[in-house]
$ cat model.csv   # CSV, C-alpha atoms and all ligand atoms
chain,number,residue,atom,x,y,z
F,1,MET,CA,203.2,-211.8,23.5
F,2,LYS,CA,201.7,-212.4,26.9
F,3,ALA,CA,200.0,-215.6,28.0
F,4,ALA,CA,199.0,-217.5,31.1
F,5,VAL,CA,201.1,-220.6,31.3
F,6,PHE,CA,200.4,-223.6,33.6
F,7,TRP,CA,203.4,-225.6,34.7
F,8,GLY,CA,201.9,-228.3,36.8
F,9,VAL,CA,199.7,-229.0,39.8
F,10,GLU,CA,200.7,-226.9,42.8
F,11,LYS,CA,202.9,-224.6,40.8
F,12,PRO,CA,201.8,-221.1,40.2
F,13,VAL,CA,200.4,-220.1,36.8
F,14,SER,CA,202.7,-217.6,35.3
F,15,VAL,CA,201.5,-214.7,33.1
F,16,ARG,CA,204.5,-214.2,30.9
F,17,ASP,CA,206.0,-213.8,27.4
F,18,VAL,CA,205.5,-216.6,24.9
F,19,LYS,CA,206.1,-217.0,21.2
F,20,LEU,CA,203.3,-218.1,18.8
F,21,LYS,CA,203.9,-219.9,15.6
F,22,ASP,CA,202.5,-218.6,12.3
F,23,PRO,CA,199.3,-220.3,11.1
F,24,GLY,CA,200.1,-223.5,9.1
F,25,PRO,CA,197.9,-225.0,6.3
F,26,GLY,CA,194.3,-224.9,7.3
F,27,GLU,CA,195.0,-222.8,10.3
F,28,VAL,CA,194.2,-219.2,11.3
F,29,ARG,CA,195.6,-216.8,13.9
F,30,VAL,CA,193.0,-215.1,16.2
F,31,ARG,CA,193.9,-211.8,17.9
F,32,LEU,CA,192.1,-212.4,21.1
F,33,LYS,CA,190.0,-209.6,22.6
F,34,ALA,CA,188.3,-211.3,25.6
F,35,ALA,CA,188.3,-214.7,27.4
F,36,GLY,CA,186.0,-216.2,30.0
F,37,LEU,CA,187.3,-218.1,33.0
F,38,CYS,CA,185.6,-221.5,33.1
F,39,HIS,CA,185.6,-224.1,35.8
F,40,SER,CA,187.5,-226.5,33.5
F,41,ASP,CA,190.6,-224.2,33.6
F,42,LEU,CA,190.5,-224.6,37.4
F,43,SER,CA,190.1,-228.3,37.0
F,44,VAL,CA,193.4,-228.4,35.0
F,45,ILE,CA,195.1,-226.3,37.7
F,46,ASP,CA,193.8,-228.6,40.4
F,47,GLY,CA,194.7,-231.8,38.6
F,48,THR,CA,191.0,-232.9,38.1
F,49,ILE,CA,191.6,-232.8,34.4
F,50,PRO,CA,195.1,-234.1,33.7
F,51,TYR,CA,196.9,-232.1,31.0
F,52,PRO,CA,200.5,-232.2,29.7
F,53,VAL,CA,202.6,-229.2,30.6
F,54,PRO,CA,203.6,-226.5,30.0
F,55,VAL,CA,200.2,-225.5,28.6
F,56,VAL,CA,198.6,-222.1,27.8
F,57,LEU,CA,195.3,-222.2,29.5
F,58,GLY,CA,191.9,-220.7,28.6
F,59,HIS,CA,189.3,-222.2,26.2
F,60,GLU,CA,186.4,-219.6,26.1
F,61,GLY,CA,187.6,-216.8,23.8
F,62,ALA,CA,186.7,-214.4,21.1
F,63,GLY,CA,188.6,-212.1,18.8
F,64,ILE,CA,189.5,-211.1,15.3
F,65,ILE,CA,191.2,-213.2,12.6
F,66,ASP,CA,194.4,-211.5,11.6
F,67,ALA,CA,196.3,-214.1,9.6
F,68,LEU,CA,195.4,-217.1,7.5
F,69,GLY,CA,197.4,-220.2,6.7
F,70,THR,CA,197.4,-221.7,3.2
F,71,GLY,CA,194.2,-223.3,2.0
F,72,VAL,CA,191.8,-221.6,4.4
F,73,THR,CA,188.5,-220.9,2.7
F,74,SER,CA,185.8,-220.8,5.4
F,75,VAL,CA,186.9,-217.6,7.2
F,76,LYS,CA,188.5,-214.3,6.2
F,77,GLU,CA,190.9,-211.9,7.8
F,78,GLY,CA,189.2,-209.2,9.9
F,79,GLU,CA,186.2,-211.5,10.8
F,80,ALA,CA,185.0,-211.5,14.4
F,81,VAL,CA,185.1,-215.1,15.7
F,82,ILE,CA,184.4,-217.2,18.7
F,83,VAL,CA,187.0,-220.0,19.3
F,84,SER,CA,185.4,-223.5,19.4
F,85,THR,CA,187.1,-226.0,21.6
F,86,LEU,CA,185.7,-228.9,19.5
F,87,SER,CA,188.2,-230.9,17.6
F,88,HIS,CA,186.5,-232.5,14.7
F,89,CYS,CA,187.5,-233.5,11.1
F,90,GLY,CA,184.4,-232.2,9.3
F,91,ARG,CA,184.5,-235.2,6.9
F,92,CYS,CA,183.6,-238.4,8.8
F,93,PRO,CA,180.1,-239.9,9.0
F,94,ALA,CA,179.4,-238.3,12.4
F,95,CYS,CA,180.5,-234.9,11.1
F,96,GLU,CA,178.5,-235.4,7.9
F,97,VAL,CA,175.3,-235.9,9.8
F,98,GLY,CA,175.8,-232.9,12.0
F,99,LYS,CA,177.1,-234.6,15.1
F,100,PRO,CA,180.7,-233.2,15.3
F,101,THR,CA,180.9,-234.0,19.0
F,102,GLN,CA,180.9,-237.7,18.0
F,103,CYS,CA,183.7,-237.3,15.4
F,104,ARG,CA,185.9,-240.4,15.3
F,105,ASN,CA,188.8,-238.8,13.4
F,106,ALA,CA,189.3,-235.8,15.6
F,107,PRO,CA,193.0,-234.8,15.9
F,108,SER,CA,194.0,-234.9,19.6
F,109,PRO,CA,194.4,-231.4,21.1
F,110,LYS,CA,197.4,-232.8,22.9
F,111,ASP,CA,199.2,-232.9,19.5
F,112,SER,CA,199.0,-229.2,19.1
F,113,LEU,CA,202.0,-227.1,20.4
F,114,PRO,CA,201.7,-223.7,18.8
F,115,PHE,CA,203.5,-221.8,21.6
F,116,THR,CA,207.1,-221.6,22.7
F,117,VAL,CA,208.1,-220.7,26.3
F,118,ASP,CA,211.8,-220.3,27.2
F,119,GLY,CA,212.7,-222.2,24.0
F,120,LYS,CA,210.4,-225.1,24.9
F,121,PRO,CA,207.2,-226.0,23.1
F,122,ALA,CA,204.0,-225.4,25.1
F,123,PHE,CA,200.7,-227.3,24.6
F,124,GLN,CA,197.5,-225.8,23.5
F,125,PHE,CA,194.6,-226.3,25.9
F,126,ALA,CA,191.3,-227.7,24.4
F,127,ASN,CA,192.2,-226.5,20.9
F,128,ALA,CA,192.0,-223.0,22.2
F,129,SER,CA,194.5,-221.4,24.6
F,130,VAL,CA,192.8,-218.1,24.8
F,131,PHE,CA,194.4,-216.7,28.0
F,132,ALA,CA,196.8,-215.1,25.6
F,133,GLU,CA,197.0,-212.1,23.3
F,134,ALA,CA,196.6,-214.4,20.2
F,135,THR,CA,196.3,-218.1,19.4
F,136,VAL,CA,196.5,-220.3,16.3
F,137,VAL,CA,193.6,-222.7,15.7
F,138,ARG,CA,192.3,-224.8,12.8
F,139,GLU,CA,189.8,-223.0,10.6
F,140,GLN,CA,186.9,-225.1,11.8
F,141,GLY,CA,187.7,-223.9,15.3
F,142,ALA,CA,187.1,-220.2,14.5
F,143,ILE,CA,183.4,-219.5,14.1
F,144,PRO,CA,182.4,-216.2,12.6
F,145,ILE,CA,179.6,-214.3,14.4
F,146,ASP,CA,177.9,-211.0,14.1
F,147,LYS,CA,180.4,-208.2,15.0
F,148,ARG,CA,177.7,-206.3,17.0
F,149,VAL,CA,178.1,-208.8,19.9
F,150,PRO,CA,180.8,-207.3,22.2
F,151,PHE,CA,183.8,-209.6,22.6
F,152,ASP,CA,183.5,-209.9,26.3
F,153,ARG,CA,180.0,-211.3,25.7
F,154,ALA,CA,180.8,-213.3,22.7
F,155,CYS,CA,183.6,-215.3,24.4
F,156,LEU,CA,181.2,-216.8,26.9
F,157,ILE,CA,179.2,-218.5,24.0
F,158,GLY,CA,182.4,-220.6,23.3
F,159,CYS,CA,182.0,-222.8,26.4
F,160,GLY,CA,179.7,-221.8,29.3
F,161,ILE,CA,176.7,-220.9,27.3
F,162,MET,CA,177.1,-223.6,24.6
F,163,THR,CA,177.6,-226.3,27.3
F,164,GLY,CA,174.6,-225.4,29.5
F,165,PHE,CA,172.2,-224.3,26.8
F,166,GLY,CA,173.2,-227.2,24.5
F,167,ALA,CA,172.7,-229.8,27.2
F,168,VAL,CA,169.0,-228.7,27.4
F,169,ILE,CA,168.3,-228.0,23.8
F,170,ASN,CA,170.6,-230.3,21.8
F,171,ARG,CA,171.0,-233.2,24.2
F,172,ALA,CA,168.0,-233.6,26.5
F,173,LYS,CA,165.7,-231.8,24.0
F,174,VAL,CA,163.4,-230.5,26.7
F,175,GLU,CA,159.9,-230.0,25.4
F,176,THR,CA,157.5,-227.1,26.0
F,177,GLY,CA,155.6,-227.7,29.2
F,178,ALA,CA,158.2,-230.1,30.7
F,179,THR,CA,159.5,-229.9,34.2
F,180,MET,CA,163.2,-229.7,34.9
F,181,ALA,CA,165.7,-229.2,37.7
F,182,VAL,CA,169.2,-227.9,37.5
F,183,PHE,CA,171.6,-229.0,40.2
F,184,GLY,CA,174.4,-226.4,40.5
F,185,VAL,CA,173.7,-223.0,39.1
F,186,GLY,CA,177.1,-221.5,38.4
F,187,GLY,CA,178.1,-220.4,34.9
F,188,ILE,CA,177.0,-223.6,33.2
F,189,GLY,CA,173.9,-224.3,35.3
F,190,LEU,CA,172.6,-220.7,34.7
F,191,ASN,CA,172.7,-221.5,31.0
F,192,CYS,CA,170.8,-224.7,31.5
F,193,VAL,CA,168.2,-222.6,33.2
F,194,GLN,CA,168.0,-220.1,30.3
F,195,GLY,CA,168.0,-223.1,27.9
F,196,GLY,CA,164.9,-224.3,29.8
F,197,VAL,CA,163.3,-220.8,29.4
F,198,LEU,CA,163.8,-220.8,25.7
F,199,ALA,CA,162.5,-224.4,25.4
F,200,GLY,CA,159.4,-223.4,27.2
F,201,ALA,CA,159.8,-225.6,30.3
F,202,ALA,CA,156.9,-225.1,32.6
F,203,LYS,CA,158.9,-225.5,35.8
F,204,ILE,CA,162.6,-224.8,36.1
F,205,ILE,CA,163.9,-225.6,39.6
F,206,ALA,CA,167.4,-224.4,40.5
F,207,VAL,CA,169.2,-226.3,43.2
F,208,ASP,CA,172.4,-224.9,44.9
F,209,VAL,CA,173.9,-224.4,48.3
F,210,MET,CA,174.8,-220.8,47.7
F,211,PRO,CA,171.9,-218.2,48.1
F,212,GLN,CA,173.7,-215.8,45.8
F,213,LYS,CA,173.6,-218.4,42.9
F,214,LEU,CA,169.9,-219.1,43.6
F,215,GLU,CA,169.3,-215.4,43.2
F,216,TRP,CA,171.1,-215.4,39.9
F,217,ALA,CA,169.1,-218.4,38.8
F,218,LYS,CA,165.8,-216.5,39.5
F,219,ARG,CA,167.1,-213.7,37.3
F,220,PHE,CA,167.8,-216.2,34.5
F,221,GLY,CA,164.3,-217.6,34.7
F,222,ALA,CA,164.2,-220.3,37.4
F,223,THR,CA,160.6,-220.7,38.6
F,224,HIS,CA,161.6,-222.3,41.9
F,225,THR,CA,164.8,-222.5,43.9
F,226,VAL,CA,165.9,-225.1,46.4
F,227,ASP,CA,168.8,-224.4,48.9
F,228,SER,CA,170.1,-227.9,49.3
F,229,SER,CA,172.2,-226.9,52.3
F,230,LYS,CA,168.9,-226.4,54.2
F,231,GLU,CA,166.5,-228.9,52.7
F,232,ASP,CA,166.5,-232.3,51.1
F,233,ALA,CA,166.9,-231.4,47.4
F,234,VAL,CA,165.4,-234.7,46.1
F,235,ALA,CA,162.3,-234.5,48.2
F,236,ALA,CA,161.9,-230.8,47.3
F,237,VAL,CA,162.1,-231.5,43.5
F,238,ARG,CA,159.8,-234.5,43.7
F,239,ASP,CA,157.4,-232.4,45.7
F,240,LEU,CA,157.4,-229.5,43.3
F,241,THR,CA,157.0,-231.7,40.2
F,242,GLY,CA,154.3,-234.1,41.6
F,243,GLY,CA,156.7,-237.1,41.9
F,244,GLY,CA,159.8,-236.2,40.0
F,245,ALA,CA,161.1,-234.0,37.2
F,246,ASP,CA,161.0,-234.8,33.5
F,247,TYR,CA,164.6,-233.6,33.1
F,248,THR,CA,167.4,-233.1,35.5
F,249,PHE,CA,170.8,-231.6,34.8
F,250,GLU,CA,173.9,-232.0,37.0
F,251,ALA,CA,176.3,-229.1,36.5
F,252,VAL,CA,178.7,-229.6,39.4
F,253,GLY,CA,180.6,-232.8,38.6
F,254,ASN,CA,180.0,-234.2,42.1
F,255,ILE,CA,178.9,-237.9,42.6
F,256,ALA,CA,176.6,-237.1,45.5
F,257,VAL,CA,174.9,-234.5,43.4
F,258,ILE,CA,174.7,-236.8,40.4
F,259,LYS,CA,172.9,-239.3,42.6
F,260,GLN,CA,170.4,-236.6,43.8
F,261,ALA,CA,169.7,-235.5,40.2
F,262,LEU,CA,169.0,-239.2,39.3
F,263,GLU,CA,166.7,-239.7,42.3
F,264,ALA,CA,164.8,-236.5,41.5
F,265,LEU,CA,163.6,-237.9,38.1
F,266,GLY,CA,160.0,-238.8,37.5
F,267,PRO,CA,158.8,-241.6,35.2
F,268,GLY,CA,160.3,-241.3,31.7
F,269,GLY,CA,162.7,-238.7,33.0
F,270,ALA,CA,166.3,-238.1,31.8
F,271,LEU,CA,169.3,-237.0,33.8
F,272,THR,CA,172.0,-235.2,31.7
F,273,ILE,CA,175.4,-235.1,33.3
F,274,VAL,CA,177.1,-231.8,32.4
F,275,GLY,CA,179.6,-231.5,35.2
F,276,VAL,CA,183.0,-233.2,35.0
F,277,PRO,CA,184.1,-235.2,38.0
F,278,LYS,CA,187.7,-236.2,38.4
F,279,MET,CA,188.9,-238.5,35.6
F,280,GLY,CA,188.3,-242.2,36.3
F,281,THR,CA,185.5,-241.5,38.8
F,282,SER,CA,182.6,-244.1,38.9
F,283,PHE,CA,179.4,-244.2,40.7
F,284,ASP,CA,176.9,-246.8,41.6
F,285,PHE,CA,173.1,-246.6,41.4
F,286,VAL,CA,170.2,-248.9,42.0
F,287,VAL,CA,169.4,-250.4,38.6
F,288,HIS,CA,165.8,-250.8,39.4
F,289,GLY,CA,165.7,-247.0,39.9
F,290,LEU,CA,165.8,-246.7,36.1
F,291,TYR,CA,162.6,-248.6,35.9
F,292,GLN,CA,159.8,-246.5,34.2
F,293,ASN,CA,162.0,-245.6,31.2
F,294,LYS,CA,164.4,-243.3,32.9
F,295,ALA,CA,167.7,-242.5,31.3
F,296,ILE,CA,171.2,-241.2,32.1
F,297,LEU,CA,172.7,-239.1,29.3
F,298,GLY,CA,176.3,-238.0,28.9
F,299,CYS,CA,176.8,-234.7,27.1
F,300,ARG,CA,179.9,-233.3,25.5
F,301,TYR,CA,180.2,-229.6,24.9
F,302,GLY,CA,176.5,-229.1,24.8
F,303,THR,CA,176.4,-231.6,21.9
F,304,ALA,CA,177.5,-228.5,19.9
F,305,ARG,CA,177.4,-227.9,16.2
F,306,PRO,CA,179.5,-224.7,16.5
F,307,ARG,CA,178.7,-223.3,13.1
F,308,VAL,CA,175.0,-223.7,13.7
F,309,ASP,CA,174.8,-222.9,17.4
F,310,PHE,CA,177.3,-220.0,17.9
F,311,PRO,CA,175.7,-217.7,15.4
F,312,MET,CA,172.3,-218.7,16.6
F,313,LEU,CA,173.2,-217.9,20.3
F,314,ALA,CA,174.7,-214.6,19.1
F,315,GLU,CA,171.5,-213.8,17.3
F,316,LEU,CA,169.4,-214.7,20.4
F,317,TYR,CA,171.6,-212.3,22.4
F,318,LEU,CA,171.2,-209.4,19.9
F,319,ASN,CA,167.4,-209.9,20.0
F,320,GLY,CA,167.3,-209.7,23.8
F,321,ARG,CA,166.3,-213.4,24.2
F,322,LEU,CA,169.6,-214.7,25.7
F,323,LYS,CA,171.1,-213.2,28.8
F,324,ILE,CA,174.9,-212.7,28.6
F,325,ASP,CA,175.5,-209.3,30.2
F,326,GLU,CA,174.1,-210.7,33.4
F,327,LEU,CA,176.5,-213.7,33.4
F,328,ILE,CA,179.5,-211.4,33.8
F,329,THR,CA,180.4,-210.8,37.5
F,330,GLN,CA,183.8,-209.4,37.1
F,331,HIS,CA,186.4,-208.2,34.5
F,332,TYR,CA,190.1,-208.8,35.0
F,333,ARG,CA,193.4,-208.1,33.3
F,334,LEU,CA,195.5,-211.2,32.5
F,335,ASP,CA,198.0,-210.0,35.1
F,336,ASP,CA,195.2,-210.5,37.7
F,337,PHE,CA,195.1,-214.2,37.0
F,338,GLU,CA,195.6,-215.4,40.6
F,339,THR,CA,192.8,-213.1,41.8
F,340,ALA,CA,190.4,-214.4,39.2
F,341,ILE,CA,191.1,-218.0,40.1
F,342,ALA,CA,190.7,-217.3,43.8
F,343,ASP,CA,187.3,-215.6,43.1
F,344,LEU,CA,186.2,-218.6,41.0
F,345,ARG,CA,187.2,-221.0,43.8
F,346,HIS,CA,185.2,-219.1,46.3
F,347,GLY,CA,182.1,-219.4,44.1
F,348,SER,CA,181.7,-215.6,43.8
F,349,LEU,CA,181.7,-215.7,40.0
F,350,ALA,CA,179.0,-216.6,37.5
F,351,ARG,CA,181.7,-215.7,34.9
F,352,GLY,CA,184.9,-213.7,35.2
F,353,VAL,CA,186.1,-212.3,31.9
F,354,PHE,CA,189.7,-211.3,31.0
F,355,ASP,CA,190.0,-208.2,28.8
F,356,LEU,CA,192.9,-209.0,26.5
F,357,GLU,CA,192.8,-206.0,24.3
F,358,GLU,CA,195.4,-203.5,25.7
F,359,HIS,CA,198.3,-205.7,26.7
G,401,ZN,ZN,184.6,-224.5,29.8
G,402,ZN,ZN,184.6,-236.1,11.9
$ encode --input "model.csv" --output "structure tokens"
Amino acid sequence: MKAAVFWGVEKPVSVRDVKLKDPGPGEVRVRLKAAGLCHSDLSVIDGTIPYPVPVVLGHEGAGIIDALGTGVTSVKEGEAVIVSTLSHCGRCPACEVGKPTQCRNAPSPKDSLPFTVDGKPAFQFANASVFAEATVVREQGAIPIDKRVPFDRACLIGCGIMTGFGAVINRAKVETGATMAVFGVGGIGLNCVQGGVLAGAAKIIAVDVMPQKLEWAKRFGATHTVDSSKEDAVAAVRDLTGGGADYTFEAVGNIAVIKQALEALGPGGALTIVGVPKMGTSFDFVVHGLYQNKAILGCRYGTARPRVDFPMLAELYLNGRLKIDELITQHYRLDDFETAIADLRHGSLARGVFDLEEH
């Protein structure tokens, strides 16, 4: 079985034959049909997110369940599923109250080694490893959705859409009529924009340095765009919102941009940090700047409740209220891995999708 294996920073990712274990108790095997290329995969390759190696990359995938381990009750063979990257127990107080991203008993994804490469165990990335023809995940990581959503669309719900949309809807809880600005409108930021549209935000300001991405943002519902390579983004957002936005979202993972997104807030405003800077990064801010009830929010995986949110997002797509087709810039075969990574690096992708079906 083919998979994209990462061997360490500055070593090429190899697309090669691997072995996959059978699903154990409480686990299922997913025959993968499509997988999206997310910036976090690139962050592992670049060393921004440290991960033990060898590891099979990819964490935004969809496919069909084709084998069940013992004791699996929540999913059936033949069901179309999206892989959730969330590790949660489903039984602790946080899980019980519907906050699985705050689970305190979550098994570490780094304890999962379902693959074998050259006789050596290989790690699973983010409970997923979907740059492969199949993967084995815990049953709570396989979320059934409506089969009518094509797999190359469905897979994007598993990270990019959930993360961006969820930051707006689940975490910031943007209200109808609010003003918001999204700093960085790649795959995640575009989904913050469309989260804002569905929340009924009155003004949605997209900020980026790439004109192409600002064009995409307009298509996704941004009411205003700011090219921060040409103008002062903070001044522009403050100007457009009469003194600062109610909500800002940082979807880059860059300290200078996080500071801009903080400074662009108005009274009572909240910044949600969605981007992931290099591990261990800190930033300083003027404490007095939080005067007037401002807030800085962290956000994990769109504060997802996968079994609630994934089917809901699929439904919104089927009803023409969530844009997914427009997110896909390019399709690739797994063998084109290096090309896809190069395209993502150059910023020419909203989302690139690997078709995994015919390998
Ligand atoms: Zn991702
Ligand atoms: Zn839990």
$ residues_around --input "model.csv" --residues "range 234-243 of chain F" --least-positions-apart "6" --cutoff "9 Å" --atoms "only C-alpha atoms" --output "JSON, numbers by chain"
{"F": [179, 180, 181, 203, 205, 207, 224, 226, 228, 260, 261, 262, 263, 264, 265, 266, 267]}
$ residues_near_ligand --input "model.csv" --ligand "ligand ZN 401 (chain G)" --cutoff "12 Å" --atoms "all atoms listed in the file" --output "ChimeraX atom specification"
/F:35-44,49,57-61,83-86,125-130,155-164,186-188,251,274-276,300-302,351
$ residues_near_ligand --input "model.csv" --ligand "ligand ZN 402 (chain G)" --cutoff "12 Å" --atoms "only C-alpha atoms and all ligand atoms" --output "list in words"
Leu86, Ser87, His88, Cys89, Gly90, Arg91, Cys92, Pro93, Ala94, Cys95, Glu96, Val97, Gly98, Lys99, Pro100, Thr101, Gln102, Cys103, Arg104, Asn105, Ala106, Pro107, Gln140 and Arg305 of chain F
$ residues_around --input "model.csv" --residues "Phe337 in chain F" --least-positions-apart "5" --cutoff "12 Å" --atoms "only C-alpha atoms" --output "list in words"
Ala3, Ala4, Val5, Phe6, Pro12, Val13, Ser14, Val15, Arg16, Ala35, Gly36, Leu37, Asp41, Leu42, Leu57, Gly58, Phe131, Ala132, His331, Tyr332, Ala342, Asp343, Leu344, Gly352, Val353, Phe354, Asp355 and Leu356 of chain F
$ atom_distance --input "model.csv" --atom1 "CA of Tyr291 in chain F" --atom2 "CA of Gly268 in chain F"
8.7 Å
$ closest_residue --input "model.csv" --among "F:Ile145, F:Val117, F:Val56, F:Val136" --to "Asp22 in chain F" --atoms "all atoms listed in the file"
F:Val136
$ closest_residue --input "model.csv" --among "F:Leu322, F:Val182, F:Val30, F:Ala256" --to "Ser282 in chain F" --atoms "only C-alpha atoms"
F:Ala256
$ atom_distance --input "model.csv" --atom1 "CA of Thr272 in chain F" --atom2 "CA of Pro311 in chain F"
24.2 Å
$ closest_residue --input "model.csv" --among "F:Pro306, F:Gly269, F:Pro23, F:Gly280" --to "Asn293 in chain F" --atoms "only C-alpha atoms"
F:Gly269
$ closest_residue --input "model.csv" --among "F:Ala233, F:Gly289, F:Arg138, F:Gln330" --to "Gly69 in chain F" --atoms "only C-alpha atoms"
F:Arg138
$ atom_distance --input "model.csv" --atom1 "CA of Asp227 in chain F" --atom2 "CA of Asp208 in chain F"
5.4 Å
$ residues_near_point --input "model.csv" --point "(203.4, -224.8, 20.1)" --cutoff "9 Å" --atoms "all atoms listed in the file" --output "PDB file with C-alpha atoms, in the frame of the given file"
ATOM      1  CA  LYS F  19     206.100-217.000  21.200  1.00  0.00           C
ATOM      2  CA  LEU F  20     203.300-218.100  18.800  1.00  0.00           C
ATOM      3  CA  LYS F  21     203.900-219.900  15.600  1.00  0.00           C
ATOM      4  CA  SER F 112     199.000-229.200  19.100  1.00  0.00           C
ATOM      5  CA  LEU F 113     202.000-227.100  20.400  1.00  0.00           C
ATOM      6  CA  PRO F 114     201.700-223.700  18.800  1.00  0.00           C
ATOM      7  CA  PHE F 115     203.500-221.800  21.600  1.00  0.00           C
ATOM      8  CA  THR F 116     207.100-221.600  22.700  1.00  0.00           C
ATOM      9  CA  VAL F 117     208.100-220.700  26.300  1.00  0.00           C
ATOM     10  CA  LYS F 120     210.400-225.100  24.900  1.00  0.00           C
ATOM     11  CA  PRO F 121     207.200-226.000  23.100  1.00  0.00           C
ATOM     12  CA  ALA F 122     204.000-225.400  25.100  1.00  0.00           C
ATOM     13  CA  PHE F 123     200.700-227.300  24.600  1.00  0.00           C
ATOM     14  CA  GLN F 124     197.500-225.800  23.500  1.00  0.00           C
TER      15      GLN F 124
END
$ closest_residue --input "model.csv" --among "F:Glu326, F:Asp17, F:Asp46, F:Glu338" --to "Lys278 in chain F" --atoms "all atoms listed in the file"
F:Asp46
$ residues_around --input "model.csv" --residues "Pro25 in chain F" --least-positions-apart "4" --cutoff "12 Å" --atoms "all atoms listed in the file" --output "JSON, numbers by chain"
{"F": [29, 67, 68, 69, 70, 71, 72, 73, 136, 137, 138, 139]}
$ residues_near_point --input "model.csv" --point "(175.5, -216.9, 46.8)" --cutoff "12 Å" --atoms "all atoms listed in the file" --output "ChimeraX atom specification"
/F:184-186,207-217,227,229,346-350
$ write_last_selection --input "model.csv" --atoms "C-alpha atoms" --output "compact mmCIF listing (two decimals), in the frame of the given file"
# COMPACT_ATOMS: atom_id res chain seq x y z
CA GLY F 184 174.40 -226.40 40.50
CA VAL F 185 173.70 -223.00 39.10
CA GLY F 186 177.10 -221.50 38.40
CA VAL F 207 169.20 -226.30 43.20
CA ASP F 208 172.40 -224.90 44.90
CA VAL F 209 173.90 -224.40 48.30
CA MET F 210 174.80 -220.80 47.70
CA PRO F 211 171.90 -218.20 48.10
CA GLN F 212 173.70 -215.80 45.80
CA LYS F 213 173.60 -218.40 42.90
CA LEU F 214 169.90 -219.10 43.60
CA GLU F 215 169.30 -215.40 43.20
CA TRP F 216 171.10 -215.40 39.90
CA ALA F 217 169.10 -218.40 38.80
CA ASP F 227 168.80 -224.40 48.90
CA SER F 229 172.20 -226.90 52.30
CA HIS F 346 185.20 -219.10 46.30
CA GLY F 347 182.10 -219.40 44.10
CA SER F 348 181.70 -215.60 43.80
CA LEU F 349 181.70 -215.70 40.00
CA ALA F 350 179.00 -216.60 37.50
$ closest_residue --input "model.csv" --among "F:Ala62, F:Leu290, F:Val55, F:Val9" --to "Glu133 in chain F" --atoms "only C-alpha atoms"
F:Ala62
